[in-house]
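*Asks:* See final_31.cif below, with mmCIF, C-alpha atoms and all ligand atoms.
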data_run
#
loop_
_atom_site.label_atom_id
_atom_site.label_comp_id
_atom_site.auth_asym_id
_atom_site.auth_seq_id
_atom_site.Cartn_x
_atom_site.Cartn_y
_atom_site.Cartn_z
CA MET U 1 -164.83 244.11 -126.46
CA THR U 2 -162.27 242.82 -123.97
CA ALA U 3 -162.86 245.93 -121.88
CA VAL U 4 -166.52 244.93 -121.50
CA LEU U 5 -165.48 241.42 -120.46
CA GLU U 6 -162.95 242.82 -118.06
CA GLU U 7 -165.65 245.00 -116.50
CA MET U 8 -167.95 242.02 -116.10
CA ARG U 9 -165.27 240.05 -114.35
CA ARG U 10 -164.45 242.85 -111.95
CA GLY U 11 -168.12 243.42 -111.13
CA ALA U 12 -168.77 239.71 -110.63
CA LEU U 13 -165.85 239.23 -108.26
CA LEU U 14 -166.84 242.32 -106.29
CA GLU U 15 -170.39 241.07 -105.94
CA LEU U 16 -169.17 237.67 -104.81
CA GLU U 17 -167.15 239.30 -102.04
CA LYS U 18 -170.38 240.83 -100.75
CA ALA U 19 -172.31 237.56 -100.67
CA GLU U 20 -172.39 236.78 -96.95
CA THR U 21 -174.32 233.53 -96.98
CA LEU U 22 -174.29 230.33 -98.97
CA ALA U 23 -177.75 231.21 -100.26
CA ALA U 24 -176.49 234.57 -101.56
CA VAL U 25 -173.58 232.79 -103.21
CA GLU U 26 -176.00 230.46 -104.99
CA CYS U 27 -177.92 233.46 -106.32
CA TRP U 28 -174.67 234.88 -107.56
CA ARG U 29 -173.79 231.61 -109.27
CA LEU U 30 -177.07 231.51 -111.14
CA SER U 31 -176.72 235.06 -112.40
CA TYR U 32 -173.14 234.56 -113.68
CA LEU U 33 -172.52 230.88 -114.25
CA GLY U 34 -176.09 229.62 -114.67
CA LYS U 35 -177.65 228.52 -117.95
CA LYS U 36 -178.93 232.02 -118.59
CA GLY U 37 -176.16 233.72 -116.69
CA ALA U 38 -173.81 236.44 -117.92
CA VAL U 39 -171.11 234.00 -119.05
CA ALA U 40 -173.56 231.91 -121.07
CA GLN U 41 -174.92 235.06 -122.65
CA ALA U 42 -171.42 236.20 -123.61
CA LEU U 43 -170.68 232.82 -125.22
CA ALA U 44 -173.99 233.02 -127.07
CA ARG U 45 -172.78 236.17 -128.77
CA ILE U 46 -169.80 234.44 -130.47
CA PRO U 47 -171.60 233.36 -133.67
CA GLY U 48 -172.56 237.01 -134.30
CA LEU U 49 -168.97 238.23 -134.09
CA PRO U 50 -166.63 238.77 -137.06
CA PRO U 51 -164.81 235.43 -137.63
CA ALA U 52 -161.46 236.96 -136.79
CA ASP U 53 -162.60 237.93 -133.29
CA ARG U 54 -164.39 234.72 -132.39
CA ARG U 55 -161.41 232.71 -131.20
CA SER U 56 -159.90 235.33 -128.90
CA PHE U 57 -163.30 236.39 -127.54
CA GLY U 58 -164.21 232.79 -126.79
CA ALA U 59 -160.87 232.24 -125.06
CA ALA U 60 -161.32 235.40 -122.99
CA VAL U 61 -164.85 234.38 -121.89
CA ASN U 62 -163.63 230.90 -120.93
CA ASP U 63 -160.83 232.52 -118.94
CA ILE U 64 -163.36 234.56 -117.04
CA LYS U 65 -165.55 231.51 -116.54
CA ARG U 66 -162.70 229.57 -114.96
CA ALA U 67 -161.76 232.53 -112.82
CA LEU U 68 -165.33 232.92 -111.59
CA GLU U 69 -165.65 229.19 -110.92
CA ALA U 70 -162.45 229.22 -108.90
CA ALA U 71 -163.59 232.31 -106.98
CA LEU U 72 -166.96 230.61 -106.36
CA GLU U 73 -165.34 227.54 -104.86
CA GLU U 74 -163.13 229.68 -102.70
CA ARG U 75 -166.03 231.77 -101.42
CA ARG U 76 -168.16 228.72 -100.71
CA LYS U 77 -165.40 227.17 -98.65
CA THR U 78 -164.91 230.31 -96.61
CA LEU U 79 -168.61 230.70 -95.90
CA GLN U 80 -168.99 227.04 -94.98
CA GLU U 81 -166.23 227.38 -92.44
CA VAL U 82 -167.82 230.50 -91.01
CA GLU U 83 -171.19 228.78 -90.79
CA VAL U 84 -169.78 225.71 -89.04
CA ALA U 85 -167.93 227.91 -86.58
CA ARG U 86 -171.11 229.87 -85.90
CA SER U 87 -173.24 226.79 -85.23
CA VAL U 88 -170.60 225.27 -83.01
CA GLU U 89 -170.48 228.49 -81.03
CA SER U 90 -174.23 228.75 -80.59
CA GLY U 91 -174.65 225.12 -79.59
CA ARG U 92 -171.73 225.05 -77.27
CA ILE U 93 -172.14 223.79 -73.72
CA ASP U 94 -170.15 225.65 -71.16
CA VAL U 95 -169.27 222.92 -68.71
CA THR U 96 -167.79 225.44 -66.30
CA LEU U 97 -171.16 227.20 -65.81
CA PRO U 98 -172.55 226.46 -62.31
CA GLY U 99 -175.72 224.30 -62.43
CA ARG U 100 -179.16 225.62 -61.61
CA ARG U 101 -180.32 224.35 -58.25
CA PRO U 102 -183.77 222.75 -58.39
CA LEU U 103 -186.28 224.56 -56.15
CA MET U 104 -186.89 222.26 -53.19
CA GLY U 105 -190.11 222.42 -51.23
CA GLY U 106 -190.15 222.03 -47.48
CA LEU U 107 -192.57 221.43 -44.65
CA HIS U 108 -194.34 224.36 -43.07
CA PRO U 109 -192.97 225.21 -39.60
CA VAL U 110 -196.37 224.52 -38.02
CA THR U 111 -196.61 221.15 -39.81
CA LYS U 112 -193.21 220.25 -38.41
CA MET U 113 -194.26 221.24 -34.92
CA VAL U 114 -197.52 219.29 -35.17
CA ARG U 115 -195.55 216.21 -36.22
CA GLU U 116 -193.03 216.66 -33.45
CA ILE U 117 -195.76 216.99 -30.82
CA CYS U 118 -197.64 213.95 -32.14
CA ALA U 119 -194.39 211.96 -32.19
CA ALA U 120 -193.73 212.88 -28.56
CA PHE U 121 -197.12 211.47 -27.53
CA ALA U 122 -196.90 208.52 -29.90
CA SER U 123 -193.73 207.49 -28.08
CA MET U 124 -195.84 207.34 -24.91
CA GLY U 125 -198.40 205.04 -26.50
CA PHE U 126 -200.87 207.55 -27.94
CA GLN U 127 -202.48 206.89 -31.30
CA VAL U 128 -202.81 209.76 -33.80
CA VAL U 129 -206.31 210.28 -35.25
CA GLU U 130 -207.99 213.06 -37.19
CA GLY U 131 -211.54 214.37 -37.41
CA PRO U 132 -213.81 216.64 -39.44
CA GLU U 133 -213.23 220.38 -39.55
CA VAL U 134 -216.90 221.00 -40.25
CA GLU U 135 -218.62 219.79 -37.13
CA TRP U 136 -222.05 219.45 -35.57
CA ASP U 137 -222.96 221.82 -32.79
CA TYR U 138 -223.50 218.69 -30.71
CA TYR U 139 -219.86 217.56 -30.82
CA ASN U 140 -218.27 220.98 -30.69
CA PHE U 141 -220.40 222.20 -27.79
CA GLU U 142 -223.33 220.21 -26.43
CA ALA U 143 -221.54 216.93 -25.73
CA LEU U 144 -218.69 218.87 -24.13
CA ASN U 145 -220.97 220.40 -21.50
CA ILE U 146 -221.41 223.65 -23.36
CA PRO U 147 -225.18 223.94 -23.90
CA LYS U 148 -226.82 226.75 -25.83
CA ASP U 149 -226.58 230.06 -23.97
CA HIS U 150 -223.60 228.81 -21.96
CA PRO U 151 -221.27 231.79 -21.47
CA ALA U 152 -218.29 229.67 -22.57
CA ARG U 153 -219.68 229.80 -26.10
CA ASP U 154 -218.55 233.41 -26.28
CA MET U 155 -214.96 232.24 -25.99
CA TRP U 156 -215.41 230.02 -29.04
CA ASP U 157 -217.38 232.08 -31.52
CA THR U 158 -217.16 230.60 -34.97
CA PHE U 159 -218.52 230.37 -38.51
CA TRP U 160 -221.96 228.80 -38.69
CA MET U 161 -224.06 227.21 -41.36
CA ASP U 162 -227.53 225.73 -41.27
CA TYR U 163 -228.09 222.16 -42.28
CA LYS U 164 -231.67 221.01 -42.70
CA ASN U 165 -232.60 217.36 -43.03
CA GLU U 166 -235.36 214.93 -41.96
CA GLN U 167 -234.38 215.39 -38.33
CA GLY U 168 -234.97 219.10 -38.69
CA ASP U 169 -232.60 222.00 -38.47
CA ARG U 170 -229.19 220.90 -37.19
CA PRO U 171 -226.64 223.64 -36.70
CA MET U 172 -223.21 223.01 -38.24
CA LEU U 173 -220.07 225.00 -37.72
CA LEU U 174 -216.36 225.15 -38.36
CA ARG U 175 -215.00 223.49 -35.23
CA THR U 176 -213.46 225.87 -32.74
CA HIS U 177 -211.23 223.27 -31.13
CA THR U 178 -210.19 219.65 -31.57
CA SER U 179 -212.04 218.63 -28.39
CA PRO U 180 -215.12 217.32 -30.30
CA MET U 181 -212.91 214.42 -31.34
CA GLN U 182 -212.88 213.30 -27.70
CA ILE U 183 -216.57 212.50 -28.11
CA ARG U 184 -216.25 210.94 -31.57
CA VAL U 185 -213.44 208.65 -30.43
CA MET U 186 -215.20 207.55 -27.25
CA GLU U 187 -218.50 206.91 -29.06
CA LYS U 188 -216.68 204.44 -31.32
CA THR U 189 -214.37 202.65 -28.89
CA ARG U 190 -214.30 201.15 -25.42
CA PRO U 191 -211.48 202.00 -23.01
CA PRO U 192 -208.54 201.96 -22.91
CA VAL U 193 -208.41 205.10 -25.05
CA ARG U 194 -205.19 206.94 -25.75
CA VAL U 195 -205.32 209.36 -28.69
CA VAL U 196 -203.85 212.63 -29.88
CA VAL U 197 -205.77 214.61 -32.47
CA PRO U 198 -203.99 217.22 -34.58
CA GLY U 199 -206.06 219.46 -36.83
CA ARG U 200 -207.28 222.82 -38.01
CA CYS U 201 -209.73 224.84 -35.97
CA TYR U 202 -211.52 228.08 -36.76
CA ARG U 203 -212.65 231.07 -34.81
CA TYR U 204 -214.53 234.24 -35.55
CA GLU U 205 -211.68 236.45 -34.55
CA ALA U 206 -210.22 239.87 -35.21
CA THR U 207 -206.70 238.88 -36.28
CA ASP U 208 -203.75 240.36 -34.46
CA ALA U 209 -200.24 239.30 -33.46
CA THR U 210 -201.51 236.38 -31.38
CA HIS U 211 -204.90 235.54 -32.98
CA GLU U 212 -205.77 234.00 -36.31
CA SER U 213 -209.16 232.85 -37.54
CA MET U 214 -207.55 229.51 -38.44
CA LEU U 215 -205.23 227.66 -36.12
CA TYR U 216 -203.90 224.18 -35.41
CA GLN U 217 -204.61 222.39 -32.17
CA ILE U 218 -203.50 219.11 -30.78
CA GLU U 219 -206.00 217.40 -28.51
CA GLY U 220 -205.14 214.55 -26.21
CA LEU U 221 -207.34 212.03 -24.43
CA ALA U 222 -206.60 209.05 -22.20
CA VAL U 223 -209.41 207.06 -20.57
CA ASP U 224 -209.09 203.81 -18.68
CA GLU U 225 -209.76 202.23 -15.32
CA GLY U 226 -207.84 203.95 -12.58
CA ILE U 227 -206.42 206.95 -14.44
CA THR U 228 -205.71 209.79 -12.01
CA LEU U 229 -204.50 213.37 -11.96
CA ALA U 230 -201.03 211.94 -11.34
CA ASP U 231 -201.13 210.32 -14.80
CA LEU U 232 -202.11 213.66 -16.33
CA LYS U 233 -199.24 215.44 -14.61
CA GLY U 234 -196.68 212.75 -15.34
CA THR U 235 -197.59 212.49 -19.02
CA LEU U 236 -197.61 216.24 -19.64
CA TYR U 237 -194.41 216.75 -17.65
CA GLU U 238 -192.71 214.14 -19.83
CA PHE U 239 -194.06 215.88 -22.92
CA ALA U 240 -192.75 219.28 -21.76
CA LYS U 241 -189.28 217.80 -21.29
CA LYS U 242 -189.33 216.11 -24.69
CA LEU U 243 -190.30 219.32 -26.44
CA PHE U 244 -188.53 222.03 -24.48
CA GLY U 245 -185.59 220.32 -22.83
CA LYS U 246 -184.84 217.83 -20.04
CA GLU U 247 -184.25 220.53 -17.44
CA ARG U 248 -187.80 221.98 -17.78
CA ARG U 249 -190.02 222.39 -14.78
CA VAL U 250 -193.79 222.55 -15.01
CA ARG U 251 -196.46 224.40 -13.09
CA PHE U 252 -200.13 223.42 -12.92
CA ARG U 253 -202.77 225.93 -11.93
CA CYS U 254 -206.53 225.66 -11.75
CA ASP U 255 -208.40 226.71 -14.84
CA TYR U 256 -211.91 226.26 -16.12
CA PHE U 257 -213.03 224.26 -19.15
CA PRO U 258 -216.63 222.96 -19.12
CA PHE U 259 -215.66 219.43 -20.21
CA VAL U 260 -213.10 218.71 -17.47
CA GLU U 261 -213.22 218.65 -13.69
CA PRO U 262 -210.87 219.66 -12.26
CA GLY U 263 -209.46 221.81 -15.06
CA ALA U 264 -205.91 223.07 -15.21
CA GLU U 265 -203.50 225.11 -17.20
CA MET U 266 -199.91 223.96 -17.53
CA ALA U 267 -196.95 226.29 -17.77
CA ILE U 268 -193.27 225.51 -18.24
CA ASP U 269 -190.45 227.54 -16.74
CA CYS U 270 -189.15 229.90 -19.41
CA PHE U 271 -186.50 228.17 -21.51
CA ALA U 272 -185.09 231.47 -22.71
CA CYS U 273 -184.19 232.84 -19.27
CA GLN U 274 -184.45 229.62 -17.21
CA GLY U 275 -187.25 231.17 -15.21
CA LYS U 276 -185.49 234.41 -14.29
CA GLY U 277 -187.90 236.60 -16.27
CA CYS U 278 -187.47 238.01 -19.77
CA ARG U 279 -189.37 239.37 -22.75
CA LEU U 280 -190.50 235.91 -23.91
CA CYS U 281 -192.20 235.09 -20.60
CA SER U 282 -193.34 238.68 -19.95
CA ASP U 283 -191.04 238.78 -16.92
CA THR U 284 -193.00 236.06 -15.12
CA GLY U 285 -190.52 233.24 -15.62
CA TRP U 286 -193.39 230.98 -16.77
CA ILE U 287 -194.96 230.25 -20.15
CA GLU U 288 -198.45 228.78 -20.36
CA ILE U 289 -198.62 226.14 -23.04
CA LEU U 290 -201.77 224.09 -22.65
CA GLY U 291 -205.13 223.47 -21.04
CA ALA U 292 -205.96 220.12 -19.45
CA GLY U 293 -208.09 218.37 -16.91
CA MET U 294 -209.82 215.20 -15.78
CA VAL U 295 -212.60 214.27 -18.17
CA HIS U 296 -215.93 215.43 -16.70
CA PRO U 297 -218.17 212.56 -15.50
CA ASP U 298 -221.08 213.94 -17.54
CA VAL U 299 -218.98 213.75 -20.70
CA LEU U 300 -218.14 210.12 -19.95
CA ARG U 301 -221.77 209.32 -19.18
CA ARG U 302 -222.90 210.87 -22.46
CA VAL U 303 -220.77 208.47 -24.52
CA GLY U 304 -221.88 205.48 -22.44
CA TYR U 305 -218.82 205.15 -20.20
CA ASP U 306 -219.53 204.50 -16.52
CA PRO U 307 -217.69 207.26 -14.61
CA ASP U 308 -217.52 205.05 -11.54
CA VAL U 309 -215.41 202.58 -13.52
CA PHE U 310 -213.55 204.76 -16.01
CA THR U 311 -211.67 207.98 -15.53
CA GLY U 312 -209.46 209.92 -17.86
CA PHE U 313 -207.60 213.09 -18.63
CA ALA U 314 -207.66 215.41 -21.62
CA PHE U 315 -205.52 218.26 -22.85
CA GLY U 316 -205.36 220.69 -25.73
CA LEU U 317 -202.68 222.98 -27.08
CA GLY U 318 -202.20 225.40 -29.95
CA ALA U 319 -199.50 224.46 -32.45
CA GLU U 320 -198.83 228.01 -33.65
CA ARG U 321 -198.32 229.27 -30.13
CA VAL U 322 -195.81 226.54 -29.34
CA THR U 323 -193.99 227.16 -32.64
CA MET U 324 -193.85 230.90 -31.90
CA LEU U 325 -192.35 230.24 -28.49
CA ARG U 326 -189.81 227.76 -29.78
CA TYR U 327 -188.51 230.04 -32.56
CA ASP U 328 -189.24 233.41 -30.96
CA ILE U 329 -191.68 234.47 -33.69
CA GLU U 330 -193.44 237.69 -32.77
CA ASP U 331 -196.53 237.55 -34.99
CA ILE U 332 -198.80 234.56 -35.71
CA ARG U 333 -199.78 236.11 -39.06
CA HIS U 334 -196.31 235.33 -40.47
CA PHE U 335 -197.31 231.67 -40.69
CA TYR U 336 -200.06 232.16 -43.23
CA ALA U 337 -198.83 235.13 -45.28
CA ASN U 338 -197.04 232.73 -47.66
CA ASP U 339 -193.88 234.79 -47.64
CA LEU U 340 -191.07 232.41 -48.62
CA ARG U 341 -188.47 234.65 -47.01
CA PHE U 342 -190.08 233.76 -43.69
CA LEU U 343 -190.95 230.13 -44.40
CA ARG U 344 -187.52 229.17 -45.79
CA GLN U 345 -185.94 229.75 -42.40
CA PHE U 346 -187.40 226.59 -40.92
N1 LIG O 1 -210.38 223.00 -26.27
C1 LIG O 1 -209.74 223.98 -25.44
C2 LIG O 1 -209.58 225.27 -26.22
O1 LIG O 1 -209.81 225.29 -27.37
C3 LIG O 1 -208.40 223.48 -24.98
C4 LIG O 1 -208.51 222.39 -23.99
C5 LIG O 1 -208.55 222.66 -22.63
C6 LIG O 1 -208.64 221.07 -24.39
C7 LIG O 1 -208.65 221.68 -21.68
C8 LIG O 1 -208.75 220.05 -23.45
C9 LIG O 1 -208.75 220.38 -22.08
O2 LIG O 1 -208.86 218.79 -23.79
O3 LIG O 1 -208.85 219.38 -21.16
O4 LIG O 1 -209.24 226.27 -25.65
#
With the file now loaded, output its structure as structure tokens.
Ligand code: DAH

*Replies:*
Amino acid sequence: MTAVLEEMRRGALLELEKAETLAAVECWRLSYLGKKGAVAQALARIPGLPPADRRSFGAAVNDIKRALEAALEERRKTLQEVEVARSVESGRIDVTLPGRRPLMGGLHPVTKMVREICAAFASMGFQVVEGPEVEWDYYNFEALNIPKDHPARDMWDTFWMDYKNEQGDRPMLLRTHTSPMQIRVMEKTRPPVRVVVPGRCYRYEATDATHESMLYQIEGLAVDEGITLADLKGTLYEFAKKLFGKERRVRFRCDYFPFVEPGAEMAIDCFACQGKGCRLCSDTGWIEILGAGMVHPDVLRRVGYDPDVFTGFAFGLGAERVTMLRYDIEDIRHFYANDLRFLRQF
């Protein structure tokens, strides 16, 4: 009889050792110390035993019961400690771990250049205005002395759409330059006019290292009584120095744009080689950066300005080109490929 009890005790303690969680320990408790557990069953057998054995059997079972209860407490304590240690470990904050840097956005290099150029002119009294990217043929071409079939239209091929309304069929297009804003500004205001117009322009273009079908231009326009070519030169010279360094020299040469007369192209002496000739300036010592001219009398007349009273100058430059020169970027397509390895450098 005692051998059976002894076996039960050994088995129970062994099983308890194997219970790895508090839940497993509870299962164990129910099967040994519960109301219908092994100990209770053993005690229930006492009345069926010969009277002489009852006392010692009962004492032996109670011994086992106490032993199991003590072992239970012990095991519970151990597992509780283990569990606390485990949860502390998993929830621990390692204060020595370096923090994660938040990802910071930044301005696009062309945006920065556009702002810098506008700021340079703003400091000379020019106001910054913007206009529509989808434009009427009239503003993009007609009003700028580029009638239908004018050969200059070839230079500014673009994306067209037809717009029909009560006035008939009016051709619309993605503007090829910011020059149409000259007309829009003058139609709305009387001189003096001094504006710069940054914005996107579009061209039907086979893309390559120096051409994109979308580009940023900055247009400038100043109209008042008594404005001369000297004002044009002085203003743009000042601009060149602000953007490319005080020691810059500028060169004006005749050029043709239908909406100005005379028309000019301005170059600066190469800031990389100081005019000696290098890769950046194609060994010429000069870098062309913008087109300009005196506003054509017909353009002034068209917006209701009397060209005998008012004169003005206009200019236009490409923001990507200037950015490429400044940072020695060899391909315009880098700007719009959305490659952060490129963009993060600026
Ligand atoms: N709109 C011209 C272009 O896209 C640039 C330009 C040239 C603008 C001369 C002007 C100007 O205002 O006077 O090529």

*Asks:* U:Glu330, U:Pro147, U:Gln274, U:Met124: which is nearest Gly234 in chain U, counting all atoms listed in the file?

*Replies:*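 Ranking U:Glu330, U:Pro147, U:Gln274, U:Met124 by distance to Gly234 in chain U, first place goes to U:Met124.
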
*Asks:* With distances taken over all atoms listed in the file, which residue among U:Leu300, U:Cys278, U:Arg203, U:Pro132 lies nearest Thr158 in chain U?

*Replies:* U:Arg203

*Asks:* One decimal, Å: what's the distance from CA of Val61 in chain U over to CA of Glu73 in chain U, could you say?

*Replies:*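 We find that CA of Val61 in chain U and CA of Glu73 in chain U lie 18.4 Å from each other.
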
*Asks:* Quick one: pull the distance between CA of Ser179 in chain U and CA of Leu343 in chain U, Å, one decimal.

*Replies:*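 Computing the Euclidean distance for CA of Ser179 in chain U and CA of Leu343 in chain U yields 28.9 Å.
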
*Asks:* Which of these, U:Met324, U:Met266, U:Leu79, U:Val193, has the shortest distance to ligand LIG 1 (chain O) once you count all atoms listed in the file?

*Replies:*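 The shortest atom-to-atom distance to ligand LIG 1 (chain O) comes from U:Met266.
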
*Asks:* Residues within 12 Å of Asn338 in chain U, please, as a list in words. Count only C-alpha atoms; anything in the same chain fewer than 5 positions from it doesn't count.

*Replies:*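 Final neighbour list, sorted by chain and number: His108, Pro109, Arg333, Leu343 and Arg344 of chain U.
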
*Asks:* Distance limit 8 Å, reference ligand LIG 1 (chain O), atoms considered: all atoms listed in the file. Which residues make the cut? Give them as a ChimeraX atom specification.

*Replies:* /U:156,176-179,182,217,219-221,256-257,259-260,263-265,290-295,313-317

*Asks:* Those same residues - C-alpha atoms - I'd like them written as a tab-separated table (two decimals), in the frame of the given file.

*Replies:*
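After the write, out.tsv holds the following:
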chain	number	residue	atom	x	y	z
U	156	TRP	CA	-215.41	230.02	-29.04
U	176	THR	CA	-213.46	225.87	-32.74
U	177	HIS	CA	-211.23	223.27	-31.13
U	178	THR	CA	-210.19	219.65	-31.57
U	179	SER	CA	-212.04	218.63	-28.39
U	182	GLN	CA	-212.88	213.30	-27.70
U	217	GLN	CA	-204.61	222.39	-32.17
U	219	GLU	CA	-206.00	217.40	-28.51
U	220	GLY	CA	-205.14	214.55	-26.21
U	221	LEU	CA	-207.34	212.03	-24.43
U	256	TYR	CA	-211.91	226.26	-16.12
U	257	PHE	CA	-213.03	224.26	-19.15
U	259	PHE	CA	-215.66	219.43	-20.21
U	260	VAL	CA	-213.10	218.71	-17.47
U	263	GLY	CA	-209.46	221.81	-15.06
U	264	ALA	CA	-205.91	223.07	-15.21
U	265	GLU	CA	-203.50	225.11	-17.20
U	290	LEU	CA	-201.77	224.09	-22.65
U	291	GLY	CA	-205.13	223.47	-21.04
U	292	ALA	CA	-205.96	220.12	-19.45
U	293	GLY	CA	-208.09	218.37	-16.91
U	294	MET	CA	-209.82	215.20	-15.78
U	295	VAL	CA	-212.60	214.27	-18.17
U	313	PHE	CA	-207.60	213.09	-18.63
U	314	ALA	CA	-207.66	215.41	-21.62
U	315	PHE	CA	-205.52	218.26	-22.85
U	316	GLY	CA	-205.36	220.69	-25.73
U	317	LEU	CA	-202.68	222.98	-27.08

*Asks:* Could you check how far CA of Val110 in chain U sits from CA of Ala240 in chain U, in Å to one decimal?

*Replies:*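 According to the coordinates, CA of Val110 in chain U and CA of Ala240 in chain U are separated by 17.5 Å.
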
*Asks:* Find the residue from U:Leu107, U:Ala52, U:Ala222, U:Met155 that sits nearest to Phe126 in chain U; use only C-alpha atoms when measuring.

*Replies:*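 Using only C-alpha atoms, Phe126 in chain U sits closest to U:Ala222.
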
*Asks:* Between U:Pro51, U:Gly125, U:Gly131, U:Pro192, which residue has the minimum interatomic distance to Ile227 in chain U, considering all atoms listed in the file?

*Replies:*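 Among the listed residues, the smallest separation from Ile227 in chain U belongs to U:Pro192.
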
*Asks:* From the options U:Asp63, U:Cys118, U:Asn165, U:Leu174, which residue's atoms come nearest to Asn140 in chain U, counting all atoms listed in the file?

*Replies:* U:Leu174

*Asks:* Once you count all atoms listed in the file, what closest atom pair and distance in Å to one decimal does each residue of range 72-147 of chain U within 10 Å of range 10-33 of chain U have, with rows by chain and rising residue number, as CSV?

*Replies:*
residue,atom,partner,partner_atom,distance
U:Leu72,CA,U:Arg29,CA,7.5
U:Glu73,CA,U:Val25,CA,9.9
U:Arg75,CA,U:Leu16,CA,7.5
U:Arg76,CA,U:Leu22,CA,6.6
U:Lys77,CA,U:Leu22,CA,9.4
U:Thr78,CA,U:Leu22,CA,9.7
U:Leu79,CA,U:Thr21,CA,6.5
U:Gln80,CA,U:Leu22,CA,7.4
U:Val82,CA,U:Thr21,CA,9.3
U:Glu83,CA,U:Thr21,CA,8.4

*Asks:* Which residues, protein or nucleic acid, reach to within 7 Å of (-211.5, 213.2, -33.7) in the file's coordinates when using all atoms listed in the file, and can you give that as a list in words?

*Replies:* Val129, Glu130, Gly131, Thr178, Pro180, Met181, Gln182, Arg184, Val185 and Val197 of chain U
